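Participant: Contents of work_37.cif (mmCIF, C-alpha atoms and all ligand atoms):
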```cif
data_protein
#
loop_
_atom_site.label_atom_id
_atom_site.label_comp_id
_atom_site.auth_asym_id
_atom_site.auth_seq_id
_atom_site.Cartn_x
_atom_site.Cartn_y
_atom_site.Cartn_z
CA MET A 13 0.00 0.00 0.00
CA ASN A 14 1.56 3.30 -0.96
CA HIS A 15 1.03 6.63 0.69
CA HIS A 16 -1.19 8.04 -2.02
CA ASP A 17 -3.94 5.56 -1.38
CA PRO A 18 -7.07 7.03 0.08
CA VAL A 19 -7.99 6.02 3.58
CA THR A 20 -9.87 2.76 3.34
CA ALA A 21 -11.83 0.58 5.67
CA SER A 22 -8.81 -1.62 6.12
CA HIS A 23 -6.91 1.38 7.51
CA LEU A 24 -9.73 2.11 9.91
CA ALA A 25 -9.80 -1.44 11.09
CA GLY A 26 -6.08 -1.29 11.70
CA GLY A 27 -5.65 -3.93 9.06
CA GLU A 28 -2.89 -2.49 6.95
CA PRO A 29 0.37 -4.37 6.83
CA GLY A 30 2.23 -1.60 8.65
CA SER A 31 0.03 -1.65 11.73
CA VAL A 32 2.41 -2.33 14.57
CA VAL A 33 0.10 -4.47 16.66
CA LYS A 34 -0.66 -6.91 13.88
CA VAL A 35 2.15 -9.15 14.96
CA ARG A 36 2.34 -12.79 14.15
CA PRO A 37 4.19 -15.57 15.83
CA LEU A 38 7.30 -16.80 14.11
CA GLY A 39 6.59 -19.60 11.68
CA HIS A 40 3.09 -18.45 10.81
CA VAL A 41 2.11 -17.40 7.34
CA PRO A 42 1.55 -13.64 7.33
CA PRO A 43 -1.83 -12.26 6.28
CA ARG A 44 -2.07 -11.82 2.53
CA PHE A 45 -3.57 -8.61 1.22
CA GLN A 46 -5.25 -9.01 -2.09
CA GLY A 47 -7.80 -6.39 -2.91
CA GLU A 48 -10.33 -6.47 -0.11
CA THR A 49 -9.59 -10.06 0.85
CA VAL A 50 -7.67 -10.64 4.03
CA THR A 51 -6.69 -14.08 5.21
CA SER A 52 -6.39 -14.12 8.99
CA PRO A 53 -3.94 -16.60 10.47
CA ALA A 54 -4.76 -18.39 13.70
CA LEU A 55 -2.99 -16.75 16.65
CA PRO A 56 -1.63 -18.45 19.75
CA ASP A 57 -3.59 -18.26 22.97
CA TYR A 58 -2.00 -15.19 24.50
CA ALA A 59 -2.75 -13.93 28.00
CA PRO A 60 -5.84 -11.71 28.18
CA ILE A 61 -5.16 -8.00 27.74
CA PRO A 62 -5.50 -6.23 31.11
CA ARG A 63 -8.59 -3.96 30.94
CA SER A 64 -6.40 -1.12 32.19
CA ALA A 65 -4.33 -1.30 29.00
CA LEU A 66 -7.31 -0.54 26.80
CA GLY A 67 -8.75 2.87 25.94
CA PRO A 68 -12.22 4.19 25.26
CA ALA A 69 -14.49 2.64 22.63
CA LEU A 70 -14.25 4.00 19.09
CA ASN A 71 -17.18 5.53 17.23
CA ASP A 72 -18.68 4.14 14.04
CA GLN A 73 -16.07 5.95 11.97
CA GLY A 74 -13.32 4.14 13.87
CA TYR A 75 -11.95 6.91 16.06
CA TYR A 76 -12.28 8.44 19.50
CA VAL A 77 -11.60 12.09 20.26
CA GLY A 78 -11.30 13.20 23.86
CA ARG A 79 -10.46 16.35 25.76
CA VAL A 80 -7.09 16.18 27.51
CA GLU A 81 -7.48 19.56 29.21
CA ARG A 82 -9.30 22.72 28.12
CA ASN A 83 -8.75 23.13 24.37
CA LEU A 84 -6.23 20.29 23.95
CA TYR A 85 -7.69 17.11 22.46
CA TRP A 86 -6.33 13.70 21.58
CA VAL A 87 -7.50 11.39 18.82
CA THR A 88 -7.00 7.64 18.62
CA ASP A 89 -7.93 4.72 16.40
CA GLY A 90 -7.14 2.38 19.28
CA VAL A 91 -3.57 1.78 18.13
CA TYR A 92 -2.23 5.18 17.06
CA ASN A 93 -2.66 8.52 18.84
CA SER A 94 -2.43 12.12 17.68
CA ALA A 95 -3.54 15.44 19.14
CA PHE A 96 -4.77 18.91 18.33
CA LEU A 97 -5.18 22.26 20.01
CA THR A 98 -8.09 24.52 19.09
CA THR A 99 -7.46 28.25 19.40
CA ASP A 100 -9.17 31.47 18.29
CA ASP A 101 -6.54 31.80 15.56
CA GLY A 102 -6.74 28.26 14.21
CA VAL A 103 -6.10 24.61 15.00
CA VAL A 104 -2.66 23.15 15.67
CA VAL A 105 -2.37 19.45 14.79
CA PHE A 106 0.31 17.24 16.32
CA ASP A 107 1.20 14.26 14.11
CA ALA A 108 -0.97 12.78 11.38
CA PRO A 109 -0.82 8.98 11.51
CA PRO A 110 -2.16 7.48 8.27
CA SER A 111 -4.16 4.91 10.22
CA ILE A 112 -6.20 7.77 11.72
CA GLY A 113 -6.01 9.66 8.44
CA GLY A 114 -9.26 11.40 7.45
CA ASN A 115 -10.65 10.78 10.93
CA LEU A 116 -8.25 13.40 12.24
CA ARG A 117 -10.02 15.95 10.04
CA ARG A 118 -13.40 14.61 11.23
CA ALA A 119 -12.34 14.86 14.87
CA VAL A 120 -11.17 18.47 14.41
CA ASP A 121 -14.42 19.38 12.63
CA GLU A 122 -16.51 17.68 15.30
CA ILE A 123 -14.82 19.48 18.22
CA ALA A 124 -14.63 22.86 16.46
CA ALA A 125 -18.34 22.71 15.64
CA ALA A 126 -19.25 21.67 19.19
CA ASN A 127 -17.22 24.52 20.68
CA GLY A 128 -18.03 27.14 18.07
CA VAL A 129 -14.39 27.76 17.14
CA THR A 130 -12.61 27.72 13.79
CA ASN A 131 -11.74 24.34 12.29
CA ARG A 132 -9.04 25.87 10.10
CA VAL A 133 -5.79 23.97 10.63
CA THR A 134 -2.99 26.54 10.65
CA HIS A 135 -0.08 24.52 12.09
CA LEU A 136 1.12 20.92 11.93
CA VAL A 137 3.84 19.72 14.30
CA TYR A 138 5.84 16.57 13.53
CA SER A 139 6.99 14.53 16.54
CA HIS A 140 9.50 12.68 14.34
CA HIS A 141 9.84 11.70 10.70
CA HIS A 142 8.45 8.14 10.79
CA ASP A 143 5.71 7.62 8.23
CA ASP A 144 3.38 5.79 10.59
CA HIS A 145 2.98 9.05 12.53
CA THR A 146 3.22 11.52 9.65
CA GLY A 147 1.92 9.75 6.54
CA ALA A 148 -1.40 11.67 6.52
CA ALA A 149 0.32 15.07 6.78
CA SER A 150 -0.60 16.05 3.23
CA LEU A 151 -4.29 15.95 4.21
CA PHE A 152 -3.55 19.31 5.85
CA SER A 153 -2.34 21.50 3.02
CA GLY A 154 -2.76 25.09 1.88
CA ASP A 155 -1.70 27.67 4.41
CA VAL A 156 -0.48 25.21 7.01
CA VAL A 157 2.80 25.98 8.75
CA ARG A 158 4.67 22.74 9.38
CA ILE A 159 7.08 22.60 12.28
CA GLY A 160 9.66 19.96 13.13
CA HIS A 161 13.17 19.26 14.26
CA GLU A 162 15.89 20.07 11.71
CA GLU A 163 16.75 16.37 11.52
CA THR A 164 13.09 15.60 10.78
CA ARG A 165 13.35 17.93 7.81
CA ARG A 166 16.59 16.31 6.64
CA LEU A 167 15.19 12.79 6.92
CA LEU A 168 11.91 13.69 5.20
CA GLN A 169 13.94 15.31 2.44
CA ARG A 170 15.99 12.15 2.11
CA ASP A 171 12.92 9.92 2.01
CA ASP A 172 11.20 12.26 -0.44
CA ASN A 173 7.57 11.30 0.01
CA PRO A 174 4.92 13.81 -1.08
CA ALA A 175 2.58 12.44 1.62
CA ARG A 176 4.93 14.00 4.15
CA PRO A 177 5.71 17.60 3.19
CA LEU A 178 8.87 19.07 4.72
CA PRO A 179 8.55 21.29 7.79
CA GLU A 180 9.21 24.92 6.84
CA VAL A 181 9.94 25.88 10.44
CA THR A 182 12.73 23.88 12.03
CA PHE A 183 14.76 24.08 15.21
CA ALA A 184 17.84 22.46 16.71
CA ASP A 185 17.20 22.38 20.46
CA ARG A 186 14.09 24.31 21.41
CA TYR A 187 11.17 26.05 19.80
CA THR A 188 8.26 27.89 21.42
CA LEU A 189 5.08 27.81 19.38
CA GLU A 190 2.57 30.51 20.26
CA VAL A 191 -0.84 30.40 18.61
CA GLY A 192 -4.04 32.12 19.74
CA GLY A 193 -2.69 32.83 23.20
CA GLU A 194 -1.54 29.22 23.76
CA ARG A 195 2.05 28.14 24.21
CA VAL A 196 3.64 24.85 23.24
CA GLU A 197 7.28 24.07 24.03
CA LEU A 198 9.09 21.78 21.58
CA ALA A 199 12.46 20.38 22.60
CA TRP A 200 15.04 17.95 21.33
CA HIS A 201 17.11 16.20 24.00
CA GLY A 202 19.15 13.83 21.83
CA PRO A 203 18.35 10.76 19.78
CA ASN A 204 16.22 7.97 21.25
CA HIS A 205 13.59 6.00 19.28
CA SER A 206 14.67 7.97 16.21
CA PRO A 207 17.40 10.60 15.79
CA ASP A 208 14.78 13.38 15.61
CA ASN A 209 12.14 12.42 18.18
CA ILE A 210 11.09 15.50 20.18
CA TYR A 211 9.32 16.30 23.45
CA ILE A 212 6.17 18.39 23.03
CA HIS A 213 5.19 20.11 26.27
CA PHE A 214 1.90 21.89 26.87
CA PRO A 215 2.61 23.91 30.03
CA GLY A 216 -0.91 25.34 30.08
CA HIS A 217 -2.48 21.88 29.75
CA ASP A 218 -0.46 19.83 32.23
CA THR A 219 0.47 17.53 29.33
CA LEU A 220 3.47 16.09 27.53
CA MET A 221 3.35 14.48 24.10
CA PHE A 222 6.21 12.06 23.52
CA ILE A 223 5.91 9.38 20.89
CA ASP A 224 7.18 5.82 20.45
CA VAL A 225 9.12 5.31 23.66
CA VAL A 226 6.49 4.39 26.26
CA ASN A 227 3.46 2.39 25.12
CA ALA A 228 0.87 3.08 27.80
CA GLY A 229 0.21 -0.22 29.55
CA TRP A 230 1.91 -2.33 26.89
CA VAL A 231 5.39 -3.72 26.30
CA PRO A 232 7.55 -2.10 23.64
CA ILE A 233 7.42 -4.04 20.37
CA TYR A 234 10.44 -5.61 18.69
CA ASN A 235 13.96 -4.29 19.24
CA VAL A 236 13.32 -1.65 21.91
CA ASN A 237 10.20 -0.43 20.12
CA LEU A 238 12.08 -0.25 16.81
CA SER A 239 14.52 2.26 18.24
CA GLU A 240 17.80 3.35 16.77
CA ASP A 241 19.61 4.63 19.84
CA VAL A 242 19.30 2.17 22.69
CA ILE A 243 21.06 4.27 25.34
CA GLY A 244 19.00 7.29 24.28
CA TYR A 245 15.82 5.21 24.41
CA MET A 246 16.61 3.93 27.90
CA GLY A 247 17.26 7.44 29.21
CA ALA A 248 14.29 9.15 27.53
CA PRO A 249 11.58 8.29 30.09
CA ALA A 250 13.54 10.10 32.84
CA ILE A 251 13.72 13.18 30.60
CA ALA A 252 9.97 12.93 30.00
CA LEU A 253 9.39 12.71 33.76
CA SER A 254 11.57 15.78 34.35
CA TYR A 255 8.77 17.86 32.82
CA PRO A 256 5.74 18.77 34.91
CA TRP A 257 2.69 16.97 33.56
CA THR A 258 -0.23 14.76 34.51
CA HIS A 259 -1.24 13.51 31.04
CA LEU A 260 1.10 11.88 28.54
CA ILE A 261 0.08 11.54 24.92
CA SER A 262 2.25 8.64 23.81
CA GLY A 263 2.10 7.41 20.27
CA HIS A 264 0.25 4.20 20.85
CA LEU A 265 -2.50 1.99 21.94
CA GLY A 266 -5.59 3.97 22.53
CA ARG A 267 -5.32 5.62 25.87
CA LEU A 268 -3.46 8.45 27.54
CA ALA A 269 -0.56 7.54 29.79
CA THR A 270 0.15 8.51 33.36
CA ARG A 271 3.39 9.07 35.25
CA ASP A 272 2.84 5.61 36.74
CA ASP A 273 2.77 4.11 33.23
CA VAL A 274 6.15 5.67 32.58
CA ALA A 275 7.48 4.31 35.88
CA VAL A 276 6.31 0.76 35.05
CA HIS A 277 7.94 1.05 31.62
CA GLN A 278 11.17 2.26 33.25
CA GLN A 279 11.10 -0.69 35.64
CA TYR A 280 10.60 -3.12 32.73
CA ILE A 281 13.62 -1.68 30.92
CA ALA A 282 15.71 -1.52 34.11
CA ASP A 283 14.86 -5.16 34.85
CA ILE A 284 15.98 -6.14 31.34
CA GLU A 285 19.21 -4.21 31.74
CA ALA A 286 19.98 -5.85 35.09
CA SER A 287 19.03 -9.27 33.77
CA ALA A 288 21.17 -8.82 30.65
CA LYS A 289 24.17 -7.79 32.76
CA GLU A 290 23.73 -10.81 34.98
CA ALA A 291 23.41 -13.15 32.00
CA LEU A 292 26.42 -11.69 30.20
CA ALA A 293 28.53 -12.23 33.30
CA ALA A 294 27.12 -15.67 34.07
CA VAL A 295 27.32 -17.37 30.68
CA ASN A 296 30.84 -18.43 29.77
CA PRO A 297 31.30 -17.96 26.00
CA VAL A 298 34.35 -20.20 25.67
CA PRO A 299 32.58 -23.57 25.41
CA PHE A 300 30.32 -22.21 22.62
CA TYR A 301 33.31 -21.12 20.55
CA MET A 302 35.15 -24.34 21.25
CA ALA A 303 32.14 -26.33 20.07
CA ALA A 304 31.71 -24.13 16.98
CA GLY A 305 35.21 -24.83 15.72
CA GLU A 306 36.06 -22.77 12.67
CA ASN A 307 32.48 -21.48 12.29
CA ALA A 308 32.91 -18.44 14.53
CA TRP A 309 29.42 -17.15 13.76
CA ALA A 310 27.88 -20.42 14.97
CA GLY A 311 29.65 -19.78 18.26
CA VAL A 312 28.36 -16.20 18.38
CA LYS A 313 24.80 -17.35 17.80
CA ALA A 314 24.88 -20.11 20.39
CA HIS A 315 26.46 -17.84 22.99
CA LEU A 316 24.21 -14.82 22.46
CA ASP A 317 21.04 -16.90 22.16
CA THR A 318 21.89 -18.49 25.50
CA VAL A 319 22.52 -15.09 27.12
CA THR A 320 19.29 -13.67 25.66
CA GLU A 321 17.22 -16.63 26.80
CA ARG A 322 18.63 -16.48 30.31
CA ALA A 323 18.09 -12.71 30.54
CA ALA A 324 14.64 -12.46 28.95
CA ALA A 325 12.79 -15.46 30.39
CA PRO A 326 12.35 -13.99 33.91
CA ILE A 327 11.21 -10.65 32.43
CA VAL A 328 8.50 -12.34 30.36
CA ALA A 329 7.34 -14.18 33.47
CA LYS A 330 7.35 -11.09 35.68
CA TYR A 331 5.47 -8.79 33.29
CA THR A 332 2.88 -11.18 31.87
CA GLY A 333 -0.39 -9.85 33.21
CA VAL A 334 1.26 -6.54 34.17
CA LEU A 335 2.08 -5.08 30.75
CA ALA A 336 -0.17 -6.11 27.88
CA ALA A 337 1.43 -8.49 25.37
CA ALA A 338 4.39 -9.26 27.63
CA ASP A 339 3.84 -12.91 26.72
CA ILE A 340 4.56 -12.20 23.05
CA GLU A 341 8.05 -13.39 23.80
CA GLU A 342 9.72 -12.08 20.63
CA PHE A 343 9.16 -8.52 21.86
CA THR A 344 10.96 -8.97 25.15
CA TYR A 345 13.58 -11.27 23.60
CA THR A 346 14.51 -8.85 20.81
CA THR A 347 14.46 -5.89 23.18
CA THR A 348 16.67 -7.81 25.60
CA PHE A 349 19.03 -8.69 22.77
CA GLN A 350 19.31 -5.02 21.75
CA ILE A 351 19.94 -3.86 25.30
CA MET A 352 22.45 -6.66 25.91
CA GLN A 353 24.33 -5.64 22.74
CA SER A 354 24.20 -1.99 23.74
CA LEU A 355 25.67 -2.87 27.14
CA ARG A 356 28.58 -4.55 25.35
CA LEU A 357 29.09 -2.13 22.48
CA ASP A 358 28.05 1.28 23.82
CA ARG A 359 28.89 0.97 27.49
CA GLY A 360 31.55 -1.78 27.27
CA PRO A 361 33.53 -3.75 27.99
CA SER A 362 32.73 -5.87 24.95
CA GLY A 363 35.12 -8.51 26.25
CA PRO A 364 38.46 -8.97 27.96
CA VAL A 365 41.53 -7.34 26.43
CA HIS A 366 43.87 -10.01 25.10
CA PRO A 367 47.06 -10.05 27.18
ZN ZN B 401 8.51 6.05 15.17
#
```
Now that the file is in, can you turn its structure into structure tokens?
Ligand SMILES: [Zn+2]

Facilitator:
Amino acid sequence: MNHHDPVTASHLAGGEPGSVVKVRPLGHVPPRFQGETVTSPALPDYAPIPRSALGPALNDQGYYVGRVERNLYWVTDGVYNSAFLTTDDGVVVFDAPPSIGGNLRRAVDEIAAANGVTNRVTHLVYSHHHDDHTGAASLFSGDVVRIGHEETRRLLQRDDNPARPLPEVTFADRYTLEVGGERVELAWHGPNHSPDNIYIHFPGHDTLMFIDVVNAGWVPIYNVNLSEDVIGYMGAPAIALSYPWTHLISGHLGRLATRDDVAVHQQYIADIEASAKEALAAVNPVPFYMAAGENAWAGVKAHLDTVTERAAAPIVAKYTGVLAAADIEEFTYTTTFQIMQSLRLDRGPSGPVHP
């Protein structure tokens, strides 16, 4: 599916191939998408999703729009979240996930009509360049001022997709957006999930928007939630908590997050880090390399698989029933692998120095 396709029912149902929650166990045939026909594979019997991990019901159009505080609203399709601020001078939209797509426009129209304010979108803020949060940006065209980190602009330029117009207004470290008497503070505090992922603070709304690091009530998906900078990812929640806020608009899964959600996420990651350190120290690599003979990579695989298994198994057990989808083992295993590698390669030592 390319980015010029109109929003279809399969988007609204979260059924497009890029939807992050449509995971499948290893060894299963993936769903085939052929016109309107979708073949659903049988899924394993996973643990029930804790009710607390789920958000409000969606309307018939497939979205929910809710007030965060005053004139700040959030919109979800149950998997992806975005937000908008209504002001006397126009509407500011924050992210435009393609899965929400045209429903973002509907949500803005619905709230603007209910409150008797303009529905004219004047500003669009990008949290980061990833298409799954920006791919519907071109739905807001015309006089819209797009704002993003300078690296977001560079990466969007590189990826050259007309569905994601470049931000005209960019910043390196901080940017204060003032519209209709409201203030929004944008800040970049280093790479984490992506090189350009920013913190969006609403000081007048007791809210932070920070995407793709904490999934409210759910485990991160594969490989540290598909993050590029593991150390940056691990440190980001503490930066988020250093802001004053009560409501967190995180990128995913259909409800707002609390400070407690961030703390549980931090504990999950800290437990993985501690477990990975323990496993790295406890598993002696020598026998694996001896057994592998001249196939050094076979030794690497056997050693690292053993370390990962030892480190991840107790985390899966501890968080099943606490964080939704913790029993989808690939998520915790691949995240553990990434953190274990980062401990070796970023923090070191990667191994003993040969005498
Ligand atoms: Zn992302």

Participant: Which of these, A:Met352, A:Leu260, A:Pro361, A:Pro110, has the shortest distance to Ser150 in chain A once you count all atoms listed in the file?

Facilitator: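 Closest to Ser150 in chain A, using all atoms listed in the file: A:Pro110.
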
Participant: In Å, with one decimal, what is the gap from CA of Gly229 in chain A to CA of Ser64 in chain A?

Facilitator: 7.2 Å

Participant: Please identify the residues whose atoms come within 9 Å of ligand ZN 401 (chain B), using all atoms listed in the file, and report them as a PyMOL selection string.

Facilitator: chain A and resi 139-145+205-206+209+223-225+237-239+263

Participant: CA of Val157 in chain A and CA of Val133 in chain A are how many Å apart?

Facilitator: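 Calculated distance between CA of Val157 in chain A and CA of Val133 in chain A is 9.0 Å.
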
Participant: Can you work out the spacing between CA of Gly113 in chain A and CA of Tyr76 in chain A in Å, to one decimal?

Facilitator: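 Going from CA of Gly113 in chain A over to CA of Tyr76 in chain A, I get 12.8 Å.
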
Participant: Show which residues sit within 12 Å of Pro232 in chain A, as a ChimeraX atom specification. Count only C-alpha atoms, and ignore same-chain residues fewer than 2 positions away.

Facilitator: /A:32-33,205,223-230,234-239,245-246,262-265,274,276-278,280-281,331,335-348

Participant: Is there a way to complete range 178-211 of chain A with N, CA and C atoms and then write that out as a PDB file, keeping the file's coordinate frame?

Facilitator:
```pdb
ATOM      1  N   LEU A 178       7.803  18.661   3.799  1.00  0.00           N
ATOM      2  CA  LEU A 178       8.870  19.070   4.720  1.00  0.00           C
ATOM      3  C   LEU A 178       8.373  20.160   5.658  1.00  0.00           C
ATOM      4  N   PRO A 179       8.844  20.155   6.902  1.00  0.00           N
ATOM      5  CA  PRO A 179       8.550  21.290   7.790  1.00  0.00           C
ATOM      6  C   PRO A 179       9.286  22.534   7.297  1.00  0.00           C
ATOM      7  N   GLU A 180       8.571  23.653   7.245  1.00  0.00           N
ATOM      8  CA  GLU A 180       9.210  24.920   6.840  1.00  0.00           C
ATOM      9  C   GLU A 180       9.918  25.535   8.034  1.00  0.00           C
ATOM     10  N   VAL A 181       9.356  25.334   9.216  1.00  0.00           N
ATOM     11  CA  VAL A 181       9.940  25.880  10.440  1.00  0.00           C
ATOM     12  C   VAL A 181      10.669  24.746  11.153  1.00  0.00           C
ATOM     13  N   THR A 182      11.967  24.929  11.351  1.00  0.00           N
ATOM     14  CA  THR A 182      12.730  23.880  12.030  1.00  0.00           C
ATOM     15  C   THR A 182      13.512  24.489  13.195  1.00  0.00           C
ATOM     16  N   PHE A 183      13.984  23.625  14.052  1.00  0.00           N
ATOM     17  CA  PHE A 183      14.760  24.080  15.210  1.00  0.00           C
ATOM     18  C   PHE A 183      15.776  22.999  15.553  1.00  0.00           C
ATOM     19  N   ALA A 184      16.805  23.413  16.311  1.00  0.00           N
ATOM     20  CA  ALA A 184      17.840  22.460  16.710  1.00  0.00           C
ATOM     21  C   ALA A 184      17.578  21.924  18.114  1.00  0.00           C
ATOM     22  N   ASP A 185      17.365  22.827  19.073  1.00  0.00           N
ATOM     23  CA  ASP A 185      17.200  22.380  20.460  1.00  0.00           C
ATOM     24  C   ASP A 185      15.819  22.686  21.018  1.00  0.00           C
ATOM     25  N   ARG A 186      15.383  23.929  20.826  1.00  0.00           N
ATOM     26  CA  ARG A 186      14.090  24.310  21.410  1.00  0.00           C
ATOM     27  C   ARG A 186      13.333  25.211  20.478  1.00  0.00           C
ATOM     28  N   TYR A 187      12.018  25.136  20.572  1.00  0.00           N
ATOM     29  CA  TYR A 187      11.170  26.050  19.800  1.00  0.00           C
ATOM     30  C   TYR A 187       9.882  26.283  20.595  1.00  0.00           C
ATOM     31  N   THR A 188       9.523  27.550  20.749  1.00  0.00           N
ATOM     32  CA  THR A 188       8.260  27.890  21.420  1.00  0.00           C
ATOM     33  C   THR A 188       7.243  28.262  20.357  1.00  0.00           C
ATOM     34  N   LEU A 189       6.159  27.528  20.337  1.00  0.00           N
ATOM     35  CA  LEU A 189       5.080  27.810  19.380  1.00  0.00           C
ATOM     36  C   LEU A 189       3.983  28.552  20.132  1.00  0.00           C
ATOM     37  N   GLU A 190       3.643  29.743  19.634  1.00  0.00           N
ATOM     38  CA  GLU A 190       2.570  30.510  20.260  1.00  0.00           C
ATOM     39  C   GLU A 190       1.485  30.750  19.226  1.00  0.00           C
ATOM     40  N   VAL A 191       0.299  30.251  19.516  1.00  0.00           N
ATOM     41  CA  VAL A 191      -0.840  30.400  18.610  1.00  0.00           C
ATOM     42  C   VAL A 191      -2.077  30.718  19.450  1.00  0.00           C
ATOM     43  N   GLY A 192      -2.767  31.793  19.079  1.00  0.00           N
ATOM     44  CA  GLY A 192      -4.040  32.120  19.740  1.00  0.00           C
ATOM     45  C   GLY A 192      -3.949  32.171  21.246  1.00  0.00           C
ATOM     46  N   GLY A 193      -2.828  32.692  21.757  1.00  0.00           N
ATOM     47  CA  GLY A 193      -2.690  32.830  23.200  1.00  0.00           C
ATOM     48  C   GLY A 193      -2.251  31.557  23.912  1.00  0.00           C
ATOM     49  N   GLU A 194      -2.017  30.478  23.158  1.00  0.00           N
ATOM     50  CA  GLU A 194      -1.540  29.220  23.760  1.00  0.00           C
ATOM     51  C   GLU A 194      -0.057  29.046  23.468  1.00  0.00           C
ATOM     52  N   ARG A 195       0.614  28.340  24.372  1.00  0.00           N
ATOM     53  CA  ARG A 195       2.050  28.140  24.210  1.00  0.00           C
ATOM     54  C   ARG A 195       2.356  26.649  24.232  1.00  0.00           C
ATOM     55  N   VAL A 196       3.187  26.236  23.292  1.00  0.00           N
ATOM     56  CA  VAL A 196       3.640  24.850  23.240  1.00  0.00           C
ATOM     57  C   VAL A 196       5.165  24.880  23.147  1.00  0.00           C
ATOM     58  N   GLU A 197       5.814  24.102  24.004  1.00  0.00           N
ATOM     59  CA  GLU A 197       7.280  24.070  24.030  1.00  0.00           C
ATOM     60  C   GLU A 197       7.775  22.782  23.373  1.00  0.00           C
ATOM     61  N   LEU A 198       8.504  22.937  22.268  1.00  0.00           N
ATOM     62  CA  LEU A 198       9.090  21.780  21.580  1.00  0.00           C
ATOM     63  C   LEU A 198      10.564  21.703  21.969  1.00  0.00           C
ATOM     64  N   ALA A 199      11.054  20.510  22.228  1.00  0.00           N
ATOM     65  CA  ALA A 199      12.460  20.380  22.600  1.00  0.00           C
ATOM     66  C   ALA A 199      13.037  19.059  22.101  1.00  0.00           C
ATOM     67  N   TRP A 200      14.292  19.145  21.722  1.00  0.00           N
ATOM     68  CA  TRP A 200      15.040  17.950  21.330  1.00  0.00           C
ATOM     69  C   TRP A 200      16.107  17.723  22.385  1.00  0.00           C
ATOM     70  N   HIS A 201      16.139  16.514  22.942  1.00  0.00           N
ATOM     71  CA  HIS A 201      17.110  16.200  24.000  1.00  0.00           C
ATOM     72  C   HIS A 201      17.996  15.035  23.592  1.00  0.00           C
ATOM     73  N   GLY A 202      18.282  14.921  22.302  1.00  0.00           N
ATOM     74  CA  GLY A 202      19.150  13.830  21.830  1.00  0.00           C
ATOM     75  C   GLY A 202      18.334  12.720  21.202  1.00  0.00           C
ATOM     76  N   PRO A 203      19.037  11.856  20.458  1.00  0.00           N
ATOM     77  CA  PRO A 203      18.350  10.760  19.780  1.00  0.00           C
ATOM     78  C   PRO A 203      17.808   9.734  20.775  1.00  0.00           C
ATOM     79  N   ASN A 204      16.719   9.084  20.433  1.00  0.00           N
ATOM     80  CA  ASN A 204      16.220   7.970  21.250  1.00  0.00           C
ATOM     81  C   ASN A 204      15.587   6.937  20.311  1.00  0.00           C
ATOM     82  N   HIS A 205      14.255   6.891  20.233  1.00  0.00           N
ATOM     83  CA  HIS A 205      13.590   6.000  19.280  1.00  0.00           C
ATOM     84  C   HIS A 205      14.072   6.285  17.850  1.00  0.00           C
ATOM     85  N   SER A 206      14.118   7.545  17.504  1.00  0.00           N
ATOM     86  CA  SER A 206      14.670   7.970  16.210  1.00  0.00           C
ATOM     87  C   SER A 206      15.635   9.120  16.506  1.00  0.00           C
ATOM     88  N   PRO A 207      16.438   9.518  15.515  1.00  0.00           N
ATOM     89  CA  PRO A 207      17.400  10.600  15.790  1.00  0.00           C
ATOM     90  C   PRO A 207      16.699  11.932  16.079  1.00  0.00           C
ATOM     91  N   ASP A 208      15.449  12.070  15.627  1.00  0.00           N
ATOM     92  CA  ASP A 208      14.780  13.380  15.610  1.00  0.00           C
ATOM     93  C   ASP A 208      13.567  13.452  16.532  1.00  0.00           C
ATOM     94  N   ASN A 209      13.381  12.467  17.380  1.00  0.00           N
ATOM     95  CA  ASN A 209      12.140  12.420  18.180  1.00  0.00           C
ATOM     96  C   ASN A 209      12.154  13.502  19.256  1.00  0.00           C
ATOM     97  N   ILE A 210      11.094  14.339  19.279  1.00  0.00           N
ATOM     98  CA  ILE A 210      11.090  15.500  20.180  1.00  0.00           C
ATOM     99  C   ILE A 210      10.071  15.339  21.314  1.00  0.00           C
ATOM    100  N   TYR A 211      10.241  16.203  22.312  1.00  0.00           N
ATOM    101  CA  TYR A 211       9.320  16.300  23.450  1.00  0.00           C
ATOM    102  C   TYR A 211       8.438  17.513  23.199  1.00  0.00           C
TER     103      TYR A 211
END
```
